[in-house]
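Note sheet for the following structure.
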Amino acid sequence: MATKKKTTATKASDFGRYVRWFWIGFLGILTSIALIFLLASWGLLGEMPDYTVLENPKTNLATEILSADGKTLGKYYFDDNRTPVDYNELPTHLIDALIATEDARYYKHAGIDAIGTMRAVVYMGSKGGASTISQQLARQLFIGVRSKKFDKYTQKIKEWVIATRLERQYTKEEIIAMYFNIYDFGNNADGIRSAAKIYFGKEPMELDVKESAMLVGMFKNSSLYNPRPHRNPKGTKNRRNVVLEQMFKYGYIDENVKDSLKLTELDLNYSPESHREGLATYFRAYLSDFMKQWIKDNPKPDGSKYSLYNDGLKIYTTLDSRMQQYAEDAVQQHMPKLQAEFDNQNTKERNPTKPFLDLKQVEIESLLKRSMRQSERWRHMKYDLGKTEEEIIASFDKPVQMEIFSWKGEIDTIMKPIDSMLYYKSFLHPGMMAMDPQTGHVKAWVGGMNYRHFQYDHVKQGKRQVGSTFKPFVYAAAMDELHLSPCDSLPRTPITIEAGRFGNPEPWTTRNSDGKYDGFQTLKSALANSTNTITARLMNQIGPQLVVDMAKKLGVEQKIDPVPAIALGTPDLSVYEMVAAYSTFANKGIYNTPVMVTRIEDKNGTVLYQVAPETKDVLSEEIAYVTVNLLEGVTQFGSGQRLRHNWAVNTPLYKEVVTGYPYEFDNPIAGKTGTTQNQSDGWFMGMVPNLVTGVWVGAEDRSVHFKRIDYGQGATMALPIWALFMRSCYADESLGISKDEFEAPADLSIRVNCNELPNPNTFTDEEDDLDNIIDF
């Protein structure tokens with residue numbers, strides 16, 4: 001009996017000792033865990049972010065370029081193409097997909113999922129990991145990829161510590177938004193906004209369920225689950241379907257939706273974001289230079305400089321994404337047909353010096369040598385590789401693998417660099433700009449046809465001879481100085497401005513393109529039909545200096561020599577200058593400096609720059625209106641009348657070359673065509689009350705041009721682009737492009753309603769047939 005009691009007492013003593021040791025061990029484990037967490041928080045396991053860093057985690061943010069209608073035109077970035085979004089900009093199904101897949105108990109823990117952690121420990125991770133969304137965010141922001149086996153444990157502890165801190169610092173919604181914003185989805189898609197745009201061409205809020213599931217599936221490994229063709233679209237689809245299963249499992253979608261979506265393809269709309277692709281590439285290149293100068297002139301409050309590529313600036317521009325698209329579409333529609341006709345007329349059989357016309361072989365060789373020296377190949381070989389001039393020249397005759405541009409798509413080929421130069425010199429190039437004349441806001445900017453292959457901007461950088469588009473400056477100056485009316489008539493007879501007059505070094509005589517010099521013609525008809533002798537008579541009366549002064553007041557920046565020949569458009573000017581100048585006529589004589597940027601904000605929305613409009617009075621409202629009235633004649637019965645519904649020519653030229661013809665506009669349009677010597681440049685300037693647009697078309701070298709004027713004139717090369725653009729603008733009623741009459745001044749004293757001749761292309765010898773003959 002005593003022995004039995006002793007045994008019972010011994011068992012009780014052993015049980016008590018086990019319990020005691022259990023609690024000692026348990027408390028020891030808790031103490032050790034607490035000590036480890038404490039050591040980690042003190043930074044003894046590696047550097048830890050303090051609260052100030054947690055409040056402002058360092059991420060590189062791309063600078064975003066925004067259109068006037070709120071669309072992203074592009075971004076500037078080096079490594080991180082990231083533009084953050086707020087939680088309320090994320091669709092519910094995207095958030096549901098994330099929680100169902102990555103952290104089903106997200107709203108029930110404070111950064112560490114105890115149940116998930118125990119499961120991972122018991123099953124050694126075979127039934128899933130235990131990292132919460134907060135832990136994964138901690139790893140993305142502050143820890144990075146584990147590089148050593150020991151790091152697996154120390155970094156996990158740091159993730160726990162940082163995750164709990166993040167949960168105290170931010171709301172659950174803020175953590176989700178940060179996680180979507182920080183993740184690298186591959187292919188320069190940093191953050192959910194870039195990913196939505198690059199993979200599907202959408203804003204995050206526009207994503208549907210299967211698109212959201214695909215992007216969430218990429219969180220597992222965006223390098224492995226890369227949806228692009230030739231990468232891993234099949235694996236990405238399988239991973240997307242896993243996400244759909246998880247969404248069904250946790251009740252976010254029903255079984256029918258899950259099953260139907262699993263059968264669908266990925267349906268990518270892959271649109272890579274780069275500086276050489278996308279919408280408004282030439283404008284973005286101009287804007288980059290503008291921003292670099294602005295950054296240089298506007299340091300941060302602490303004296304450091306803003307980064308165009310990392311500071312998350314927002315640039316609000318005046319471009320309208322819809323009008324920009326219509327402008328680029330117009331170029332893409334017209335230029336291939338024009339180029340095809342040019343190539344057809346410029347074969348070796350028809351032109352032995354292809355692509356140049358009227359050049360001797362020695363002149364061609366000189367031109368090519370000059371082009372060699374200006375090429376990127378020359379710069380690279382001379383300054384980067386240290387090659388001699390002889391070695392560089394020899395390299396141009398050695399075939400190399402290259403990718404060349406064509407209107408039917410890029411071509412991989414083997415070609416000598418000298419042959420590729422000749423190939424590219426045969427291309428005709430466009431330049432186009434549209435502007436609101438009342439505000440000066442630039443609405444569309446097309447500097448060329450393909451920025452990847454042709455970086456030269458033909459809007460602001462390029463300056464070419466403007467031809468007859470310069471004549472309105474002469475007419476405006478003459479009407480202002482001599483108080484003329486569009487209905488006044490002048491003789492068409494030849495005129496010579498003698499040597500010595502206006503400093504003219506030798507006599508200057510002009511000719512009319514139609515070869516007709518008889519009779520008289522109203523100013524309105526003369527401008528409409530580009531009668532050179534009448535423009536010369538006006539120049540002879542007012543002198544070239546007055547015209548130069550007028551051009552300067554109209555915003556022309558280029559130096560113009562005050563010689564009589566400028567009356568016919570000899571100056572080299574840019575599309576940018578010409579559109580701004582013509583806008584003064586449409587804006588009642590008030591010049592607006594073109595505006596491309598309205599404001600700049602930092603990543604927090606603080607306004608760093610706000611545009612201050614620059615305006616000046618150039619002409620009276622009356623003279624500006626009269627000039628517009630003159631220009632309306634161009635589209636009524638002059639060189640621009642092919643815009644009208646009652647004008648049609650069924651020749652091969654218009655069937656095969658002029659895209660979209662007939663145009664059939666019936667609203668008031670003021671405009672002017674321009675064609676330069678040997679058809680090297682074709683221009684069209686077109687105006688309606690609230691939009692002024694200029695178009696230029698020509699080759700890189702003036703010796704590359706159409707041989708015949710019916711193909712090389714502005715009405716064939718440039719006018720169709722304007723017509724296609726305006727047709728699209730009018731079709732989009734949301735743009736509000738005016739079809740109204742130009743507003744006349746209330747106190748208009750100059751006669752503008754002329755009794756035009758029945759046929760403005762015939763002229764009369766009888767003075768009685770015209771209202772007001774002026775003979776200077």
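The chains in the structure tokens are called A, B, ... from first to last as shown; in each chain the residues are counted from 1, and the ligands are counted from 1 in the order shown.
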Exercise for the section: From a DSSP pass on the backbone, collect the residues of range 446-608 of chain A flagged as alpha helix (DSSP H) and hand them back as JSON, numbers by chain. Expected result: {"A": [471, 472, 473, 474, 475, 476, 477, 478, 479, 480, 481, 482, 523, 524, 525, 526, 527, 528, 532, 533, 534, 535, 536, 537, 538, 539, 540, 541, 542, 544, 545, 546, 547, 548, 549, 550, 551, 552, 553, 575, 576, 577, 578, 579, 580, 581, 582, 583, 584, 585, 586]}
For the selection just defined, write its residues with C-alpha atoms to a file, as a compact mmCIF listing (two decimals), in the first residue's frame.
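Wrote it out as again33.txt, contents follow:
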```txt
# COMPACT_ATOMS: atom_id res chain seq x y z
CA LYS A 471 1.81 85.70 -99.51
CA PRO A 472 -0.86 86.44 -96.88
CA PHE A 473 1.83 88.27 -94.89
CA VAL A 474 2.38 90.53 -97.92
CA TYR A 475 -1.35 91.07 -98.43
CA ALA A 476 -1.97 91.78 -94.73
CA ALA A 477 0.87 94.32 -94.61
CA ALA A 478 -0.36 95.98 -97.84
CA MET A 479 -3.99 96.20 -96.71
CA ASP A 480 -2.91 97.61 -93.37
CA GLU A 481 -0.59 100.17 -94.95
CA LEU A 482 -2.56 101.09 -98.09
CA LEU A 523 -6.89 90.84 -104.73
CA LYS A 524 -9.16 88.05 -103.52
CA SER A 525 -8.92 86.22 -106.83
CA ALA A 526 -5.20 86.94 -107.11
CA LEU A 527 -4.42 85.36 -103.73
CA ALA A 528 -6.78 82.46 -104.40
CA ASN A 532 2.75 86.24 -108.59
CA THR A 533 2.74 89.54 -110.52
CA ILE A 534 0.05 91.04 -108.30
CA THR A 535 1.90 90.00 -105.13
CA ALA A 536 5.01 91.63 -106.63
CA ARG A 537 3.07 94.86 -107.27
CA LEU A 538 2.02 94.98 -103.63
CA MET A 539 5.63 94.39 -102.56
CA ASN A 540 6.78 97.18 -104.86
CA GLN A 541 4.40 99.60 -103.13
CA ILE A 542 5.09 98.80 -99.47
CA PRO A 544 10.10 94.26 -98.16
CA GLN A 545 11.02 95.75 -94.76
CA LEU A 546 7.35 96.27 -93.90
CA VAL A 547 6.65 92.65 -94.80
CA VAL A 548 9.58 91.43 -92.69
CA ASP A 549 8.28 93.49 -89.76
CA MET A 550 4.82 91.98 -90.23
CA ALA A 551 6.25 88.45 -90.22
CA LYS A 552 8.20 89.17 -87.02
CA LYS A 553 5.07 90.50 -85.31
CA VAL A 575 5.36 74.54 -89.51
CA TYR A 576 5.29 75.76 -85.89
CA GLU A 577 5.96 79.37 -86.94
CA MET A 578 3.47 79.28 -89.78
CA VAL A 579 0.61 77.89 -87.70
CA ALA A 580 1.19 80.47 -84.97
CA ALA A 581 1.27 83.26 -87.57
CA TYR A 582 -1.92 82.20 -89.34
CA SER A 583 -3.64 81.81 -85.96
CA THR A 584 -3.28 85.58 -85.52
CA PHE A 585 -5.59 86.13 -88.48
CA ALA A 586 -8.19 83.73 -87.03
```
Completion exercise
Taken to one decimal, the CA of Met323 in chain A-CA of Lys71 in chain A distance is 12.1 Å
Exercise for the section: Might you pull out every residue within 8 Å of Ile295 in chain A, with only C-alpha atoms counted and same-chain residues fewer than 4 positions away left off, and present them as a list in words? Expected result: Met291, Pro299, Lys305, Tyr306, Ser307 and Leu308 of chain A
Practice task
Using only C-alpha atoms, determine which residues lie at most 8 Å from range 86-97 of chain A, disregarding the query and same-chain residues fewer than 6 positions distant; provide the list as number ranges by chain.
Solution key: A: 173-174, 176-177, 204-209, 212-213, 216, 243-244, 246-247, 252
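Each of A:Gly633, A:Gly312, A:Gly201, A:Pro562 was compared to Cys487 in chain A using only C-alpha atoms, and A:Gly633 turns out to be the nearest.
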Problem - Proximity to Thr83 in chain A - best of A:Arg350, A:Lys314, A:Arg276, A:His334, only C-alpha atoms - result: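 Smallest distance to Thr83 in chain A is found for A:Lys314.
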Handout entry: Distance of CA of Asp666 in chain A from CA of Glu741 in chain A, expressed in Å to one decimal place
Key = 11.2 Å
Exercise for the section: For Val688 in chain A, list every protein, DNA or RNA residue within 12 Å, evaluated using only C-alpha atoms, and leave out those in the same chain fewer than 6 positions away; present the list as a ChimeraX atom specification. Expected result: /A:434-438,582-583,585-587,628-629,631-632,635,665-671,694,722,726,729-730,736-743
Exercise for the section: Kindly indicate which residue among A:Arg239, A:Arg727, A:Lys258, A:Arg751 lies nearest to Ala330 in chain A, using only C-alpha atoms for the distances. Expected result: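 Closest candidate: A:Arg727.
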